Amino acid sequence: MDDLLLAQKIICNKFCNINSDIYHENSFVYLFTNEKIKLYQEFMKNRKNSLSIISSGDQVLNLCLECSNIDCFDISRFPKYLLELKKALISSLNYDDYIEFFFNSIHYNNEKYDDFYYESRINLDKEYRNFWDGLFNYFDWTEICNSTLFSSQTISLNQILEYNTYLSYDNYNLLKSNLKNVNFNYCISSIQELFNILNKSYDFINLSSIIYYVNNYKDILSTLKLNDDGIALTYLYKITTELINNYNNCSFCQFENNPEGVMILKK
């Protein structure tokens, strides 16, 4: 089914995209990350060619501060549309307006949301502009966000600002400039099939928290194509002795005063 038509059906509750599998080709999109990306930003530095999960798009946007060539993947068809919308908004809006678009906690002003969107849509390529036009022409932004097209996960503005390097004022404006020079390529695929499709090697691979949702993660790591000095990063919500013992070919970095951290595989 066409992506726009399916999204419209989901918003109208005429198609259910929630099933026993959390992640699948029609699964919901996270508006923002729940990962403390700022605490692993250092691993992205000085990378030329990178591969990243899309998810909320935040992993990719933070990577744009460091990298000029990014392949973006996700099992769901919808996250790329949110990432492209965020890119368009960042290219058009000032910092405060971008924050207000997603975090207007005082009142819902759908006319203002429409103004923000129509100011930004010029920065969307035709495929993505048609998708978002087809939603904004029929639904309010609050209807879209509150549908099962998006996750119901609640994260505060303070957390989002704390987690994301690109959401400081200076870095937001740096990202606005950098986006003009970053090459993006999208691949909609499960992680199991991804490296059969992408015949490339990378300086940096961000696998987010996929480890918690697949059964053969060791096999997946063995298929990764890394350049010399390249690394693959896995986000962990808790670093345990069992994980360390099971992945003894990887190194672990636990965040200060925090059970979370990352697992790093080097070539």
# chains A, B, ... in the order shown; residues from 1 in each chain; ligands from 1
$ select_by_dssp --residues "range 133-228 of chain A" --states "strand (DSSP E or B)" --output "PyMOL selection string"
chain A and resi 150+183-188+202-206+226-228
$ residues_around --residues "range 144-154 of chain A" --least-positions-apart "5" --cutoff "8 Å" --atoms "only C-alpha atoms" --output "list in words"
Ala7, Ile10, Ile11, Asn17, Ile18, Ser27, Phe28, Val29, Tyr30, Leu31, Leu135 and Phe139 of chain A
$ select_by_dssp --residues "range 162-251 of chain A" --states "helix (DSSP H, G or I)" --output "ChimeraX atom specification"
/A:162-163,165-167,169-181,191-197,210-212,217-223,241-246
$ residues_around --residues "Ile37 in chain A" --least-positions-apart "2" --cutoff "12 Å" --atoms "only C-alpha atoms" --output "PyMOL selection string"
chain A and resi 32-35+39-44+57-63+159-167+206+208-209+233-236+255+260-262
$ residues_around --residues "Cys72 in chain A" --least-positions-apart "2" --cutoff "6 Å" --atoms "only C-alpha atoms" --output "list in words"
Leu51, Ser52, Ile53, Ile54, Asn185 and Tyr186 of chain A
$ atom_distance --atom1 "CA of Ile188 in chain A" --atom2 "CA of Cys67 in chain A"
20.8 Å
$ closest_residue --among "A:Ser190, A:Asn173, A:Thr223, A:Asn216" --to "Asp96 in chain A" --atoms "only C-alpha atoms"
A:Asn173
$ closest_residue --among "A:Arg121, A:Lys9, A:Lys80, A:Lys86" --to "Phe101 in chain A" --atoms "only C-alpha atoms"
A:Lys86
$ atom_distance --atom1 "CA of Leu89 in chain A" --atom2 "CA of Ser120 in chain A"
5.3 Å
$ closest_residue --among "A:Leu207, A:Leu82, A:Ile99, A:Cys12" --to "Leu124 in chain A" --atoms "only C-alpha atoms"
A:Leu82
$ residues_around --residues "Val214 in chain A" --least-positions-apart "3" --cutoff "9 Å" --atoms "only C-alpha atoms" --output "CSV table (one decimal) with N, CA and C atoms, in the first residue's frame"
chain,number,residue,atom,x,y,z
A,191,ILE,N,17.4,-5.5,10.0
A,191,ILE,CA,18.8,-5.6,10.2
A,191,ILE,C,19.4,-6.9,9.6
A,192,GLN,N,18.6,-8.0,9.6
A,192,GLN,CA,19.1,-9.3,9.1
A,192,GLN,C,19.4,-9.2,7.7
A,210,ILE,N,19.2,-2.3,18.9
A,210,ILE,CA,18.6,-3.4,18.2
A,210,ILE,C,18.9,-4.7,18.9
A,211,ILE,N,20.0,-4.8,19.7
A,211,ILE,CA,20.4,-6.0,20.5
A,211,ILE,C,19.2,-6.6,21.3
A,217,TYR,N,22.1,-11.6,17.4
A,217,TYR,CA,22.8,-10.3,17.4
A,217,TYR,C,24.3,-10.6,17.1
$ residues_around --residues "Ile122 in chain A" --least-positions-apart "4" --cutoff "8 Å" --atoms "only C-alpha atoms" --output "PyMOL selection string"
chain A and resi 88+118+129
$ closest_residue --among "A:Thr142, A:Cys187, A:Tyr213, A:Gly134" --to "Asp21 in chain A" --atoms "only C-alpha atoms"
A:Tyr213
$ atom_distance --atom1 "CA of Ser91 in chain A" --atom2 "CA of Leu179 in chain A"
7.6 Å
$ decode --residues "range 55-84 of chain A" --atoms "N, CA and C atoms" --output "short mmCIF file (atom, residue, chain, number, x, y, z; two decimals), in the first residue's frame"
data_model
loop_
_atom_site.label_atom_id
_atom_site.label_comp_id
_atom_site.auth_asym_id
_atom_site.auth_seq_id
_atom_site.Cartn_x
_atom_site.Cartn_y
_atom_site.Cartn_z
N SER A 55 15.13 5.55 13.25
CA SER A 55 14.31 5.67 14.45
C SER A 55 13.63 7.05 14.48
N SER A 56 13.93 7.87 15.49
CA SER A 56 13.35 9.22 15.57
C SER A 56 14.05 10.22 14.65
N GLY A 57 15.16 9.81 14.07
CA GLY A 57 15.98 10.72 13.28
C GLY A 57 17.06 11.41 14.07
N ASP A 58 16.97 11.35 15.40
CA ASP A 58 17.94 12.07 16.23
C ASP A 58 19.35 11.49 16.12
N GLN A 59 19.46 10.16 16.02
CA GLN A 59 20.78 9.57 15.85
C GLN A 59 21.46 10.14 14.60
N VAL A 60 20.69 10.28 13.54
CA VAL A 60 21.24 10.77 12.27
C VAL A 60 21.57 12.26 12.37
N LEU A 61 20.70 13.04 12.98
CA LEU A 61 20.93 14.49 13.07
C LEU A 61 22.17 14.80 13.91
N ASN A 62 22.36 14.07 14.99
CA ASN A 62 23.59 14.26 15.78
C ASN A 62 24.82 13.86 14.97
N LEU A 63 24.68 12.82 14.17
CA LEU A 63 25.79 12.35 13.33
C LEU A 63 26.14 13.38 12.26
N CYS A 64 25.15 14.16 11.82
CA CYS A 64 25.40 15.18 10.80
C CYS A 64 26.36 16.27 11.28
N LEU A 65 26.54 16.38 12.58
CA LEU A 65 27.52 17.32 13.11
C LEU A 65 28.95 16.84 12.87
N GLU A 66 29.10 15.55 12.54
CA GLU A 66 30.43 14.95 12.44
C GLU A 66 30.73 14.36 11.06
N CYS A 67 29.72 14.02 10.29
CA CYS A 67 29.90 13.14 9.14
C CYS A 67 29.20 13.71 7.90
N SER A 68 29.76 13.46 6.72
CA SER A 68 29.20 14.03 5.49
C SER A 68 28.52 13.01 4.58
N ASN A 69 28.66 11.71 4.87
CA ASN A 69 28.01 10.67 4.07
C ASN A 69 27.35 9.68 5.01
N ILE A 70 26.00 9.61 4.96
CA ILE A 70 25.27 8.77 5.92
C ILE A 70 24.26 7.91 5.19
N ASP A 71 24.40 6.60 5.36
CA ASP A 71 23.35 5.66 4.94
C ASP A 71 22.43 5.46 6.14
N CYS A 72 21.13 5.59 5.91
CA CYS A 72 20.14 5.55 6.99
C CYS A 72 19.21 4.36 6.76
N PHE A 73 19.00 3.57 7.80
CA PHE A 73 18.16 2.38 7.64
C PHE A 73 17.12 2.28 8.75
N ASP A 74 16.04 1.58 8.44
CA ASP A 74 15.02 1.26 9.43
C ASP A 74 14.14 0.17 8.86
N ILE A 75 13.59 -0.66 9.73
CA ILE A 75 12.67 -1.70 9.27
C ILE A 75 11.32 -1.13 8.87
N SER A 76 10.94 0.00 9.47
CA SER A 76 9.66 0.64 9.18
C SER A 76 9.79 1.63 8.03
N ARG A 77 8.71 1.75 7.27
CA ARG A 77 8.69 2.67 6.13
C ARG A 77 8.55 4.13 6.54
N PHE A 78 8.13 4.41 7.79
CA PHE A 78 7.76 5.77 8.17
C PHE A 78 8.86 6.65 8.76
N PRO A 79 9.87 6.12 9.46
CA PRO A 79 10.85 7.01 10.09
C PRO A 79 11.57 7.95 9.14
N LYS A 80 11.81 7.54 7.90
CA LYS A 80 12.52 8.44 6.98
C LYS A 80 11.72 9.72 6.73
N TYR A 81 10.39 9.62 6.78
CA TYR A 81 9.57 10.81 6.56
C TYR A 81 9.71 11.80 7.72
N LEU A 82 9.81 11.30 8.94
CA LEU A 82 10.01 12.20 10.07
C LEU A 82 11.39 12.83 10.00
N LEU A 83 12.41 12.04 9.66
CA LEU A 83 13.76 12.61 9.55
C LEU A 83 13.79 13.71 8.49
N GLU A 84 13.16 13.47 7.35
CA GLU A 84 13.14 14.50 6.30
C GLU A 84 12.37 15.74 6.75
#
